[in-house]
Structure formats: structure tokens, C-alpha cells
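Report on the structure given below.
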Amino acid sequence: MTTPQHAELTAKGRLVGEIPANTMQIIADEIREHGYTLDHHASDEIRSSMGGGGLQVLWRDEALEAHLHGADDVKLHMIREGFLHFLDHADPSLADRVIWTGHRLIDKYPPNFRVGEVVSVKPHGKAYFRVKMKIDDVESFTAPAMHFRMWLPEPGCDPVWPYLSETGRTIWPGKSDGMHDPVYTFIAADAATGEIQFDVFRHEGGRVTEWCQSVQAGVQVGLSGPGGGRQPEQNWLLMGGDETSLPAIRRILERADAGTEGHVFIEIEGAHVIEEFPAPDGVIIEWLQRDKPGQLLDRMKAIPLAETDRHVWLATEKSQVQQARSYFRDEVGIAAQESYFSAYWTRGN
Ligand SMILES: Cc1cc2nc3c(=O)[nH]c(=O)nc-3n(C[C@H](O)[C@H](O)[C@H](O)COP(=O)(O)OP(=O)(O)OC[C@H]3O[C@@H](n4cnc5c(N)ncnc54)[C@H](O)[C@@H]3O)c2cc1C
């Protein structure tokens with residue numbers, strides 16, 4: 001559906017002057033590439049339904065017009081960012097020349113960014129810190145994805161937050177701004193108190209580990225999201241992970257249908273990481289001591305896969321994820337919609 005619905009937010013962008021001849025084709029290709037539906041594609045008009053809204057691009061009188069509509073600020077912003085990204089593929093100088101009318105954000109921050117305040121940081125078992133933070137508008141920040149990015153300045157430095165440019169585009173802090181931006185997994189979100197919680201695995205050299213050891217309540221932290229991660233829809237699961245993905249594994253198994261079956265391997269540095277958590281009776285959970293390189297993938301490979309209604313899930317160190325993805329996707333033929341392979345951290349990075 002690319003027609004604005006009642007009460008939807010709308011915006012119009014107009015681009016004139018020199019525009020590469022293949023821009024309309026590139027926009028259509030990019031829409032497909034990003035997995036959005038291309039509802040209509042002609043040389044002078046493109047229509048696409050994009051998450052929670054839509055985009056119509058018209059080529060009229062040597063000018064390009066983009067009509068955007070979205071259910072709320074975040075949706076409209078993401079569609080605008082998507083359109084500007086598609087334009088970049090035609091020519092990176094085009095985005096800054098788009099003249100926007102209609103709904104514009106005048107907020108200080110992009111709508112998918114919040115400045116949160118630390119409520120508490122306490123040890124959770126021996127392997128984690130449990131962080132509680134207060135943020136505005138918890139519901140729209142946490143649904144429907146599982147993860148978010150945290151933005152921390154270098155110790156003793158002022159934070160640099162993202163902002164919206166004149167063209168409505170998010171300008172994220174760059175490497176030279178010294179911000180650290182690791183990803184974490186929500187383990188709880190309470191709209192009534194405005195609080196979210198997440199678990200930080202303590203590891204040597206970890207900047208967030210060091211931050212957790214000294215941070216005080218009331219300190220401000222940047223958070224962007226939500227982003228990525230989804231509850232598998234299938235009822236047979238083969239999962240693998242480590243300490244960093246244990247919060248996501250717990251979350252998925254806690255929410256899985258009671259009749260779900262499967263096998264879960266969690267590779268850990270020692271018995272102090274092991275914890276009890278709710279999971280369907282038909283799911284076998286095995287904790288693996290991290291002492292044999294490659295064992296996590298070997299153990300996953302040894303499990304006979306269900307023929308249908310199956311999901312293979314792995315989140316751990318990057319090199320293991322790359323091997324697993326090429327084995328399950330390329331050799332076994334597991335499709336993208338029945339699998340999730342994500343590098344949660346990179347050794348020596
Ligand atoms: C989608 C997603 C969800 C995630 N959810 C969580 C979560 O809920 N909880 C959580 O704790 N982590 C989670 N992670 C992993 C986390 O983002 C990374 O471990 C990140 O590097 C942590 O930053 P840091 O400041 O601790 O370490 P950094 O300062 O980034 O890294 C410092 C050094 O530590 C090494 N390192 C990083 N992670 C590990 C590790 N696990 N073990 C050993 N060495 C390591 C790096 O290679 C580097 O040499 C998630 C990652 C993704 C992509």
C-alpha cells in the first residue's frame with residue numbers, strides 16, 4: 001500500500017538540476033536489493049511499500065519528486081533515510097540537494113536515538129553486569145526488535161551525539177569522535193517505569209566492562225534502535241551461541257511456543273556462566289566448555305536437521321559465524337528465512 005492512510009505523516013522531496021539518467025532504475029534496483037516490495041515500476045514512476053509506510057518517486061519535467069508517508073516519526077524518518085541512501089547509489093552529491101516540504105523533525109536528535117540515564121549497574125551472577133536505564137518512550141524504542149546500540153564517549157571526554165542534517169539525514173558520530181557503539185540485547189522493557197534492562201558480559205579489555213565497574217547512577221548514555229533480531233517463527237530450533245548471545249537465546253526460548261523442540265549449544269569460558277532459564281521442555285540445552293576450537297560448529301553439524309519448520313540460529317565470534325553461514329547456507333541449503341547468522345563480536349578488534 002503506497003497511499004497515505006488517515007493520520008499518517010507525509011513529506012515531499014524535490015530534486016532539480018543535473019541528475020544521472022539511470023537514477024530511477026537505480027532507485028528501483030536498491031528498493032529490491034533491500035527486500036522492499038516494488039508495487040509499481042515504470043521509467044517515470046516507482047511505488048514501494050516500505051515498513052510502516054511507503055515511497056512514490058516520480059520523474060516529471062526533468063525533476064525527481066519523492067512522496068513519502070509513514071505511520072509515525074520513526075517510520076517516516078527511516079523511509080526518508082532509505083530514499084536518500086538509494087539516491088547515494090546514483091550519485092552521492094544528490095541527497096544534499098533535495099528540497100523537503102511536509103513533515104520535518106525539529107527535534108534535536110533523530111527519532112531512533114535517545115539519551116538514556118543510568119539507573120543502576122549491578123553484578124548479575126559472576127559473568128555479567130545487569131544495567132538498568134531510563135529512557136523516553138520505551139515502547140517505540142524496544143518494539144519489535146531485540147537489540148540496540150549504546151553510544152559511550154571515551155573516559156573523561158564529552159559525548160558526541162548524532163543529529164539531523166538540513167536534508168533530514170542522520171549524521172552519526174564518526175571514528176574521530178571517539179564514541180564506542182557496541183550492540184546489546186533488551187532483556188526487559190517496562191513502559192510504566194520507562195526502564196530497559198540488558199546484561200553486559202564481563203571480558204578482559206572490554207570498554208563496556210570497564211565502564212560498568214565505575215559508572216554512577218544518573219550518567220547519560222546514547223542509545224539507538226531498535227535494530228535487528230527476531231523471534232524465529234519455526235517450531236524446531238538448532239541454536240548456537242556464547243556469553244554475548246546468551247541474553248538473546250534466553251529471550252527467544254522464554255518466548256518460544258511450549259511445543260517447540262530443538263537443540264541449543266552455548267559455548268562458555270567456565271561453569272560460572274551457567275544459569276537456569278525458562279525454555280520449552282522439548283529443547284535440549286548443552287553448555288560447552290570453550291577449550292576445543294571449532295567444537296560449537298562441529299556439535300551443531302552433528303544434529304540431524306528437521307526436514308521442515310526448522311530454524312538454524314548462531315550468534316558468536318565472527319570467524320565461527322562465517323564458517324557456519326557458508327556450511328548451513330551453501331552446503332546444506334538452509335534458506336535465509338529459516339536461519340540467522342550474526343557476528344556478535346570480533347576477536348582482536
Ligand atoms: C546483535 C548483537 C547483540 C549483542 N548482545 C549482547 C548482549 O546482550 N550482551 C553482551 O555482553 N554482548 C552483546 N553483544 C556483543 C557486544 O556488542 C560485543 O562483545 C562488544 O564488542 C562489546 O564491547 P566491549 O566494550 O565489551 O568490547 P570492545 O571494547 O569492543 O573490545 C575490546 C576487546 O575485547 C574483545 N572482545 C569483544 N567481545 C568479546 C567477548 N565476548 N569475549 C572476549 N573478547 C571480546 C575484542 O576483540 C577486543 O579485542 C551483542 C552483539 C550484537 C551484534
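Chain lettering (A, B, ...) mirrors the order of the C-alpha cells, residue numbering begins at 1 for each chain separately, and ligand numbering begins at 1 in order of display.
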Report as JSON lines: every residue of chain A with an atom at most 10 Å from ligand 1, its closest pair of atoms, and their distance in Å to one decimal, counting only C-alpha atoms and all ligand atoms, with rows sorted by chain and ascending residue number.
{"residue": "A:Ala127", "atom": "CA", "partner": "ligand 1", "partner_atom_place_in_ligand_line": "11 (O)", "distance": 9.3}
{"residue": "A:Tyr128", "atom": "CA", "partner": "ligand 1", "partner_atom_place_in_ligand_line": "11 (O)", "distance": 7.3}
{"residue": "A:Phe129", "atom": "CA", "partner": "ligand 1", "partner_atom_place_in_ligand_line": "11 (O)", "distance": 8.5}
{"residue": "A:Arg130", "atom": "CA", "partner": "ligand 1", "partner_atom_place_in_ligand_line": "9 (N)", "distance": 9.5}
{"residue": "A:Met146", "atom": "CA", "partner": "ligand 1", "partner_atom_place_in_ligand_line": "1 (C)", "distance": 7.9}
{"residue": "A:His147", "atom": "CA", "partner": "ligand 1", "partner_atom_place_in_ligand_line": "1 (C)", "distance": 5.7}
{"residue": "A:Phe148", "atom": "CA", "partner": "ligand 1", "partner_atom_place_in_ligand_line": "3 (C)", "distance": 7.6}
{"residue": "A:Arg149", "atom": "CA", "partner": "ligand 1", "partner_atom_place_in_ligand_line": "17 (O)", "distance": 8.1}
{"residue": "A:Met150", "atom": "CA", "partner": "ligand 1", "partner_atom_place_in_ligand_line": "17 (O)", "distance": 8.9}
{"residue": "A:Leu152", "atom": "CA", "partner": "ligand 1", "partner_atom_place_in_ligand_line": "25 (O)", "distance": 9.2}
{"residue": "A:His180", "atom": "CA", "partner": "ligand 1", "partner_atom_place_in_ligand_line": "25 (O)", "distance": 7.2}
{"residue": "A:Asp181", "atom": "CA", "partner": "ligand 1", "partner_atom_place_in_ligand_line": "23 (O)", "distance": 7.8}
{"residue": "A:Pro182", "atom": "CA", "partner": "ligand 1", "partner_atom_place_in_ligand_line": "17 (O)", "distance": 4.2}
{"residue": "A:Val183", "atom": "CA", "partner": "ligand 1", "partner_atom_place_in_ligand_line": "17 (O)", "distance": 4.0}
{"residue": "A:Tyr184", "atom": "CA", "partner": "ligand 1", "partner_atom_place_in_ligand_line": "5 (N)", "distance": 3.5}
{"residue": "A:Thr185", "atom": "CA", "partner": "ligand 1", "partner_atom_place_in_ligand_line": "8 (O)", "distance": 3.9}
{"residue": "A:Phe186", "atom": "CA", "partner": "ligand 1", "partner_atom_place_in_ligand_line": "8 (O)", "distance": 6.8}
{"residue": "A:Ile187", "atom": "CA", "partner": "ligand 1", "partner_atom_place_in_ligand_line": "8 (O)", "distance": 7.8}
{"residue": "A:Gln197", "atom": "CA", "partner": "ligand 1", "partner_atom_place_in_ligand_line": "8 (O)", "distance": 9.7}
{"residue": "A:Phe198", "atom": "CA", "partner": "ligand 1", "partner_atom_place_in_ligand_line": "8 (O)", "distance": 6.0}
{"residue": "A:Asp199", "atom": "CA", "partner": "ligand 1", "partner_atom_place_in_ligand_line": "9 (N)", "distance": 5.2}
{"residue": "A:Val200", "atom": "CA", "partner": "ligand 1", "partner_atom_place_in_ligand_line": "11 (O)", "distance": 3.7}
{"residue": "A:Phe201", "atom": "CA", "partner": "ligand 1", "partner_atom_place_in_ligand_line": "11 (O)", "distance": 3.6}
{"residue": "A:Arg202", "atom": "CA", "partner": "ligand 1", "partner_atom_place_in_ligand_line": "11 (O)", "distance": 7.0}
{"residue": "A:His203", "atom": "CA", "partner": "ligand 1", "partner_atom_place_in_ligand_line": "43 (C)", "distance": 5.5}
{"residue": "A:Glu204", "atom": "CA", "partner": "ligand 1", "partner_atom_place_in_ligand_line": "34 (O)", "distance": 6.3}
{"residue": "A:Gly205", "atom": "CA", "partner": "ligand 1", "partner_atom_place_in_ligand_line": "32 (C)", "distance": 4.9}
{"residue": "A:Gly206", "atom": "CA", "partner": "ligand 1", "partner_atom_place_in_ligand_line": "26 (O)", "distance": 3.6}
{"residue": "A:Arg207", "atom": "CA", "partner": "ligand 1", "partner_atom_place_in_ligand_line": "25 (O)", "distance": 3.6}
{"residue": "A:Val208", "atom": "CA", "partner": "ligand 1", "partner_atom_place_in_ligand_line": "25 (O)", "distance": 3.9}
{"residue": "A:Thr209", "atom": "CA", "partner": "ligand 1", "partner_atom_place_in_ligand_line": "26 (O)", "distance": 5.6}
{"residue": "A:Glu210", "atom": "CA", "partner": "ligand 1", "partner_atom_place_in_ligand_line": "25 (O)", "distance": 7.9}
{"residue": "A:Trp211", "atom": "CA", "partner": "ligand 1", "partner_atom_place_in_ligand_line": "25 (O)", "distance": 8.3}
{"residue": "A:Cys212", "atom": "CA", "partner": "ligand 1", "partner_atom_place_in_ligand_line": "26 (O)", "distance": 9.8}
{"residue": "A:Gly227", "atom": "CA", "partner": "ligand 1", "partner_atom_place_in_ligand_line": "1 (C)", "distance": 8.0}
{"residue": "A:Gly228", "atom": "CA", "partner": "ligand 1", "partner_atom_place_in_ligand_line": "1 (C)", "distance": 6.6}
{"residue": "A:Gly229", "atom": "CA", "partner": "ligand 1", "partner_atom_place_in_ligand_line": "1 (C)", "distance": 6.6}
{"residue": "A:Asp242", "atom": "CA", "partner": "ligand 1", "partner_atom_place_in_ligand_line": "41 (N)", "distance": 7.7}
{"residue": "A:Glu243", "atom": "CA", "partner": "ligand 1", "partner_atom_place_in_ligand_line": "41 (N)", "distance": 6.4}
{"residue": "A:Thr244", "atom": "CA", "partner": "ligand 1", "partner_atom_place_in_ligand_line": "12 (N)", "distance": 3.9}
{"residue": "A:Ser245", "atom": "CA", "partner": "ligand 1", "partner_atom_place_in_ligand_line": "5 (N)", "distance": 5.6}
{"residue": "A:Leu246", "atom": "CA", "partner": "ligand 1", "partner_atom_place_in_ligand_line": "8 (O)", "distance": 7.2}
{"residue": "A:Pro247", "atom": "CA", "partner": "ligand 1", "partner_atom_place_in_ligand_line": "8 (O)", "distance": 5.1}
{"residue": "A:Ala248", "atom": "CA", "partner": "ligand 1", "partner_atom_place_in_ligand_line": "8 (O)", "distance": 6.5}
{"residue": "A:Ile249", "atom": "CA", "partner": "ligand 1", "partner_atom_place_in_ligand_line": "8 (O)", "distance": 9.6}
{"residue": "A:Ile268", "atom": "CA", "partner": "ligand 1", "partner_atom_place_in_ligand_line": "42 (N)", "distance": 9.6}
{"residue": "A:Glu269", "atom": "CA", "partner": "ligand 1", "partner_atom_place_in_ligand_line": "42 (N)", "distance": 9.0}
{"residue": "A:Ala315", "atom": "CA", "partner": "ligand 1", "partner_atom_place_in_ligand_line": "52 (C)", "distance": 7.9}
{"residue": "A:Thr316", "atom": "CA", "partner": "ligand 1", "partner_atom_place_in_ligand_line": "41 (N)", "distance": 7.9}
{"residue": "A:Glu317", "atom": "CA", "partner": "ligand 1", "partner_atom_place_in_ligand_line": "41 (N)", "distance": 7.5}
{"residue": "A:Lys318", "atom": "CA", "partner": "ligand 1", "partner_atom_place_in_ligand_line": "53 (C)", "distance": 9.6}
{"residue": "A:Ser342", "atom": "CA", "partner": "ligand 1", "partner_atom_place_in_ligand_line": "53 (C)", "distance": 6.6}
{"residue": "A:Ala343", "atom": "CA", "partner": "ligand 1", "partner_atom_place_in_ligand_line": "53 (C)", "distance": 5.8}
{"residue": "A:Tyr344", "atom": "CA", "partner": "ligand 1", "partner_atom_place_in_ligand_line": "51 (C)", "distance": 3.7}
{"residue": "A:Trp345", "atom": "CA", "partner": "ligand 1", "partner_atom_place_in_ligand_line": "18 (C)", "distance": 4.7}
{"residue": "A:Thr346", "atom": "CA", "partner": "ligand 1", "partner_atom_place_in_ligand_line": "47 (O)", "distance": 4.9}
{"residue": "A:Arg347", "atom": "CA", "partner": "ligand 1", "partner_atom_place_in_ligand_line": "47 (O)", "distance": 3.7}
{"residue": "A:Gly348", "atom": "CA", "partner": "ligand 1", "partner_atom_place_in_ligand_line": "49 (O)", "distance": 3.8}
{"residue": "A:Asn349", "atom": "CA", "partner": "ligand 1", "partner_atom_place_in_ligand_line": "47 (O)", "distance": 4.2}
Could you pull out all residues of stretch 165-221 of chain A with a DSSP call of strand (DSSP E) and give them as a PyMOL selection string?
-> chain A and resi 170-171+183-185+188-190+195-201+220-221
Just the helix (DSSP H, G or I) stuff from stretch 92-339 of chain A, please, per backbone DSSP, written as a ChimeraX atom specification.
-> /A:95-97,138-142,175-177,207-214,246-255,271-273,295-301,318-332,336-338
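Using only C-alpha atoms, the shortest contact distance between A:Gly168 and any of A:Glu275, A:Asp96, A:Asp91, A:Glu254 is found at A:Asp96.
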